[in-house]
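One file, target06.txt, is given below (compact mmCIF, C-alpha atoms).
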```
# COMPACT_ATOMS: atom_id res chain seq x y z
CA MET M 1 -49.12 2.07 61.14
CA SER M 2 -46.00 -0.06 60.79
CA ILE M 3 -43.29 0.40 58.17
CA ALA M 4 -44.62 -2.67 56.36
CA GLU M 5 -48.15 -1.23 56.28
CA HIS M 6 -46.91 2.13 54.99
CA LEU M 7 -44.97 0.37 52.24
CA THR M 8 -47.98 -1.69 51.20
CA GLU M 9 -50.13 1.44 50.94
CA ILE M 10 -47.54 3.34 48.88
CA ARG M 11 -46.98 0.41 46.53
CA LYS M 12 -50.73 0.23 45.92
CA SER M 13 -50.72 3.91 44.94
CA LEU M 14 -47.92 3.51 42.37
CA PRO M 15 -48.32 2.31 38.78
CA GLU M 16 -46.44 -0.90 37.98
CA ASN M 17 -43.76 0.87 35.92
CA VAL M 18 -42.74 3.20 38.78
CA LYS M 19 -39.86 2.05 41.01
CA LEU M 20 -39.89 2.86 44.72
CA VAL M 21 -36.64 3.94 46.37
CA ALA M 22 -37.10 3.81 50.15
CA VAL M 23 -35.09 6.71 51.54
CA SER M 24 -33.45 5.25 54.62
CA LYS M 25 -31.09 8.10 55.57
CA THR M 26 -30.72 8.51 59.35
CA LYS M 27 -32.79 5.34 59.90
CA PRO M 28 -31.43 2.40 61.90
CA ASN M 29 -30.78 -1.01 60.35
CA GLU M 30 -33.83 -2.47 62.14
CA ASP M 31 -36.14 -0.12 60.19
CA ILE M 32 -34.44 -1.01 56.92
CA MET M 33 -34.77 -4.72 57.70
CA GLU M 34 -38.47 -4.29 58.43
CA ALA M 35 -38.89 -2.80 54.95
CA TYR M 36 -36.61 -5.49 53.50
CA GLN M 37 -38.82 -8.26 54.95
CA THR M 38 -41.75 -6.90 52.90
CA GLY M 39 -39.71 -7.33 49.70
CA GLN M 40 -38.30 -3.81 49.43
CA ARG M 41 -34.83 -3.93 47.84
CA MET M 42 -34.09 -0.37 46.66
CA PHE M 43 -32.88 1.96 49.38
CA GLY M 44 -31.58 5.52 49.07
CA GLU M 45 -28.96 7.25 51.19
CA ASN M 46 -27.60 10.78 50.95
CA LYS M 47 -24.35 10.49 52.92
CA VAL M 48 -21.46 8.34 51.74
CA GLN M 49 -20.26 7.32 55.20
CA GLU M 50 -23.73 6.12 56.23
CA LEU M 51 -24.23 4.36 52.90
CA VAL M 52 -20.96 2.42 53.23
CA ALA M 53 -21.71 1.40 56.84
CA LYS M 54 -25.18 0.13 55.89
CA TYR M 55 -23.89 -1.70 52.83
CA GLU M 56 -21.36 -3.52 55.00
CA SER M 57 -23.85 -4.61 57.64
CA LEU M 58 -27.04 -5.37 55.66
CA PRO M 59 -28.04 -8.05 53.11
CA LYS M 60 -26.03 -7.98 49.90
CA ASP M 61 -29.02 -8.15 47.56
CA ILE M 62 -30.04 -4.59 48.54
CA GLU M 63 -29.71 -2.10 45.68
CA TRP M 64 -28.15 1.01 47.18
CA HIS M 65 -28.94 4.35 45.56
CA MET M 66 -26.85 7.43 46.29
CA ILE M 67 -29.45 10.20 46.21
CA GLY M 68 -27.63 13.08 47.90
CA HIS M 69 -25.09 15.57 46.64
CA LEU M 70 -21.94 13.55 45.92
CA GLN M 71 -18.46 15.02 46.30
CA ARG M 72 -15.86 13.86 43.80
CA ASN M 73 -13.40 12.72 46.47
CA LYS M 74 -16.00 10.39 48.01
CA VAL M 75 -16.93 8.46 44.86
CA LYS M 76 -14.20 5.86 45.49
CA TYR M 77 -15.92 4.64 48.67
CA ILE M 78 -19.15 3.65 46.91
CA ALA M 79 -17.89 2.73 43.43
CA PRO M 80 -17.44 -0.99 44.25
CA PHE M 81 -21.09 -1.56 45.14
CA VAL M 82 -23.47 1.36 44.48
CA SER M 83 -26.40 0.47 42.22
CA LEU M 84 -27.36 3.94 40.96
CA ILE M 85 -26.03 7.46 41.54
CA HIS M 86 -28.91 9.91 41.19
CA GLY M 87 -27.27 13.27 41.54
CA VAL M 88 -24.69 13.80 38.79
CA ASP M 89 -24.74 17.59 38.69
CA SER M 90 -21.48 18.36 36.84
CA PHE M 91 -19.19 16.98 34.15
CA ARG M 92 -16.34 16.96 36.68
CA LEU M 93 -18.32 14.59 38.89
CA LEU M 94 -19.18 12.35 35.94
CA LYS M 95 -15.48 12.11 35.05
CA ALA M 96 -14.61 11.25 38.66
CA ILE M 97 -17.26 8.50 38.61
CA ASP M 98 -15.82 7.11 35.35
CA LYS M 99 -12.33 7.08 36.89
CA GLU M 100 -13.49 5.20 40.01
CA GLY M 101 -15.59 2.84 37.89
CA ARG M 102 -12.46 1.96 35.95
CA LYS M 103 -10.59 1.22 39.21
CA ALA M 104 -13.46 -0.92 40.50
CA ASP M 105 -13.80 -2.53 37.06
CA ARG M 106 -17.52 -1.93 36.86
CA VAL M 107 -19.72 0.39 34.83
CA LEU M 108 -21.51 2.77 37.19
CA ARG M 109 -25.11 3.68 36.44
CA VAL M 110 -25.97 7.35 36.91
CA LEU M 111 -28.74 9.89 36.43
CA LEU M 112 -28.08 13.47 35.34
CA GLN M 113 -29.48 15.88 37.91
CA PHE M 114 -31.18 18.96 36.50
CA HIS M 115 -31.94 22.16 38.33
CA ILE M 116 -35.71 22.42 37.82
CA ALA M 117 -36.70 24.22 41.03
CA GLU M 118 -37.31 27.95 41.03
CA GLU M 119 -35.41 28.19 44.29
CA GLU M 120 -31.65 28.60 44.14
CA THR M 121 -30.66 26.10 46.82
CA LYS M 122 -30.84 22.96 44.70
CA PHE M 123 -27.92 21.52 42.75
CA GLY M 124 -28.17 20.58 39.10
CA LEU M 125 -27.23 20.96 35.46
CA ASP M 126 -28.97 23.04 32.85
CA LEU M 127 -29.75 21.79 29.36
CA LYS M 128 -27.17 23.92 27.55
CA GLU M 129 -24.19 22.69 29.59
CA THR M 130 -25.50 19.12 29.37
CA GLU M 131 -25.64 19.27 25.59
CA GLU M 132 -22.12 20.70 25.45
CA MET M 133 -20.99 17.80 27.63
CA LEU M 134 -22.78 15.12 25.59
CA ASN M 135 -21.37 16.51 22.35
CA SER M 136 -17.78 16.59 23.62
CA GLN M 137 -15.13 14.06 22.69
CA GLU M 138 -14.17 13.90 26.36
CA PHE M 139 -17.64 12.55 27.19
CA LYS M 140 -17.51 10.03 24.35
CA ASN M 141 -14.24 8.68 25.77
CA LEU M 142 -15.84 7.73 29.10
CA GLN M 143 -16.15 3.94 29.38
CA PHE M 144 -17.18 3.22 32.96
CA VAL M 145 -20.34 5.29 33.34
CA ARG M 146 -23.76 4.64 31.90
CA ILE M 147 -26.38 7.38 31.89
CA ASP M 148 -29.76 5.81 32.64
CA GLY M 149 -31.88 8.95 32.78
CA VAL M 150 -32.50 12.17 34.66
CA MET M 151 -33.27 13.31 38.19
CA GLY M 152 -34.66 16.50 39.68
CA MET M 153 -36.17 18.03 42.80
CA ALA M 154 -39.11 20.39 42.76
CA THR M 155 -39.38 23.49 44.92
CA PHE M 156 -40.58 22.83 48.47
CA THR M 157 -43.86 24.73 48.23
CA ASP M 158 -47.61 24.29 48.59
CA ASP M 159 -48.07 25.75 45.09
CA ILE M 160 -49.13 22.62 43.21
CA ASP M 161 -49.10 24.37 39.84
CA GLN M 162 -45.48 25.36 40.32
CA VAL M 163 -44.45 21.85 41.35
CA ARG M 164 -46.29 20.37 38.38
CA ARG M 165 -44.61 22.87 36.06
CA GLU M 166 -41.18 21.91 37.40
CA PHE M 167 -41.84 18.18 37.03
CA LYS M 168 -43.15 18.77 33.52
CA SER M 169 -39.93 20.59 32.64
CA LEU M 170 -37.85 17.55 33.71
CA SER M 171 -40.01 15.23 31.60
CA THR M 172 -39.49 17.57 28.65
CA ILE M 173 -35.71 17.56 29.19
CA PHE M 174 -35.76 13.76 29.36
CA GLY M 175 -37.74 13.53 26.10
CA HIS M 176 -35.35 15.89 24.32
CA LEU M 177 -32.22 14.04 25.50
CA LYS M 178 -33.76 10.64 24.66
CA LYS M 179 -34.60 11.72 21.12
CA THR M 180 -31.36 13.61 20.46
CA TYR M 181 -28.68 11.59 22.25
CA PHE M 182 -30.03 8.31 23.62
CA ASN M 183 -32.43 7.08 20.97
CA ASP M 184 -30.52 3.82 20.64
CA ALA M 185 -30.01 3.36 24.39
CA PRO M 186 -32.91 1.38 25.93
CA ASN M 187 -31.32 1.84 29.38
CA PHE M 188 -31.89 5.63 29.15
CA SER M 189 -35.36 5.27 30.62
CA GLU M 190 -35.50 6.72 34.14
CA ILE M 191 -37.04 9.97 35.36
CA SER M 192 -36.32 10.11 39.09
CA MET M 193 -38.60 12.72 40.61
CA GLY M 194 -41.09 12.87 43.43
CA MET M 195 -40.68 12.53 47.18
CA SER M 196 -43.04 11.92 50.10
CA GLY M 197 -44.93 15.19 49.68
CA ASP M 198 -45.25 15.34 45.90
CA TYR M 199 -44.71 11.88 44.43
CA LYS M 200 -48.28 11.48 43.12
CA LEU M 201 -47.90 14.69 41.08
CA ALA M 202 -44.51 13.47 39.86
CA VAL M 203 -46.00 10.18 38.68
CA GLU M 204 -48.71 12.08 36.79
CA GLU M 205 -45.94 14.00 35.02
CA GLY M 206 -43.99 10.91 33.98
CA SER M 207 -41.80 9.87 36.90
CA THR M 208 -40.48 6.31 36.69
CA MET M 209 -38.76 6.36 40.09
CA VAL M 210 -39.88 8.00 43.34
CA ARG M 211 -37.76 8.59 46.45
CA ILE M 212 -39.89 8.23 49.56
CA GLY M 213 -38.67 8.41 53.14
CA SER M 214 -40.94 9.92 55.79
CA ASN M 215 -44.12 8.33 54.33
CA ILE M 216 -42.50 4.93 54.94
CA PHE M 217 -40.30 5.38 58.00
CA GLY M 218 -41.91 8.37 59.73
CA GLU M 219 -40.17 11.70 60.21
CA ARG M 220 -36.39 11.77 60.19
CA ASN M 221 -34.71 11.01 63.47
CA TYR M 222 -31.13 12.16 63.86
CA GLN M 223 -30.67 10.14 67.01
CA ASN M 224 -31.77 6.57 67.32
CA ASN M 225 -34.28 6.76 70.13
```
Structure re-expressed in structure tokens:
Amino acid sequence: MSIAEHLTEIRKSLPENVKLVAVSKTKPNEDIMEAYQTGQRMFGENKVQELVAKYESLPKDIEWHMIGHLQRNKVKYIAPFVSLIHGVDSFRLLKAIDKEGRKADRVLRVLLQFHIAEEETKFGLDLKETEEMLNSQEFKNLQFVRIDGVMGMATFTDDIDQVRREFKSLSTIFGHLKKTYFNDAPNFSEISMGMSGDYKLAVEEGSTMVRIGSNIFGERNYQNN
């Protein structure tokens, strides 16, 4: 099946309120353009250098999502154009994003990344430190970031019950933050969870945004064949 056919199938399987981020990391521009021709506009990259190169060479109406772990010293390269930063996993990173947003004179949209997996390898905040951050005067002083929701990655496992439990925990965190801190913020509406292997489960548990790569583009290729 072609990239266009894969995309059509995945779109059919998603409810209307769920956004599809096509994860294009390691994929050549030709693959991205094939997806683009079918109307796909949201693409996700996990490396700053690759994201900048693709932004510079591809159509300007693409919404670029930074979905990987972001280092503070790299924020400046994507601040002028990035559409959404998924992985804000520390207050220090959020402050760096605010600083670069100020320099670029644009408010940067972000998601708070929570550690929901039972494995230790994933990055992310926990609820206690997030609440401390949201209650702080330092947070209230930030002017160039806008928190649009939450993001998380489930454990890579065949145990469906565990994955469901982890997704459910992110939905619960979202609900708590919405009610307590973002009740008057209609933009705080995104739950970014679910990838190629588990996105249907994620949607069942309330995901509003799925990040799908291999189901669209095929397995990752680190060389362009």
_I need the residue nearest Ser192 (chain M) from this list: M:Ile62, M:Ala117, M:Ile212, M:Ala4. Use all atoms listed in the file for the distance._
M:Ile212
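As for CA of Glu118 (chain M) and CA of Leu177 (chain M), they are spaced 21.5 Å apart.
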*asked:* Would you pick out the contacts of region 80-92 of chain M at 8 Å or less, using only C-alpha atoms, so that residues sharing its chain but fewer than 6 positions from it are not included, and give the list as a PyMOL selection string?
replied: chain M and resi 63-70+72+101+104+106+108-114+123-125+133+150-151+192
_Interatomic distance (Å, one decimal) between CA of Asp159 (chain M) and CA of Met193 (chain M)_ = 16.7 Å
Around all of region 18-21 of chain M's listed atoms, make the axis-aligned box with 5 Å on each side and tell me centre and edge lengths in Å to one decimal, as AutoDock Vina command-line options.
```
--center_x -39.7 --center_y 3.0 --center_z 42.6 --size_x 16.1 --size_y 11.9 --size_z 17.6
```
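We find CA of Lys60 (chain M) and CA of Ile78 (chain M) to be spaced 13.8 Å apart.
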*From the list M:Thr172, M:Asn17, M:Arg211, M:Asn183, which residue is nearest Ser196 (chain M) when using all atoms listed in the file?*
M:Arg211
*asked:* At a cut-off of 9 Å, using all atoms listed in the file, what residues contact Ala202 (chain M)? Leave out same-chain residues fewer than 3 positions from it and give the result as a ChimeraX atom specification.
replied: /M:163-164,167-168,192-195,198-199,205-208,210
*asked:* Using all atoms listed in the file, which protein or nucleic acid residues come within 6 Å of Ala22 (chain M)? Drop anything in the same chain fewer than 5 positions from it, and give the result as number ranges by chain.
replied: M: 43-44, 212-213
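Between Pro28 (chain M) and the residues M:Glu119, M:Phe156, M:Phe217, M:Ser169, the shortest atom-to-atom distance, using only C-alpha atoms, involves M:Phe217.
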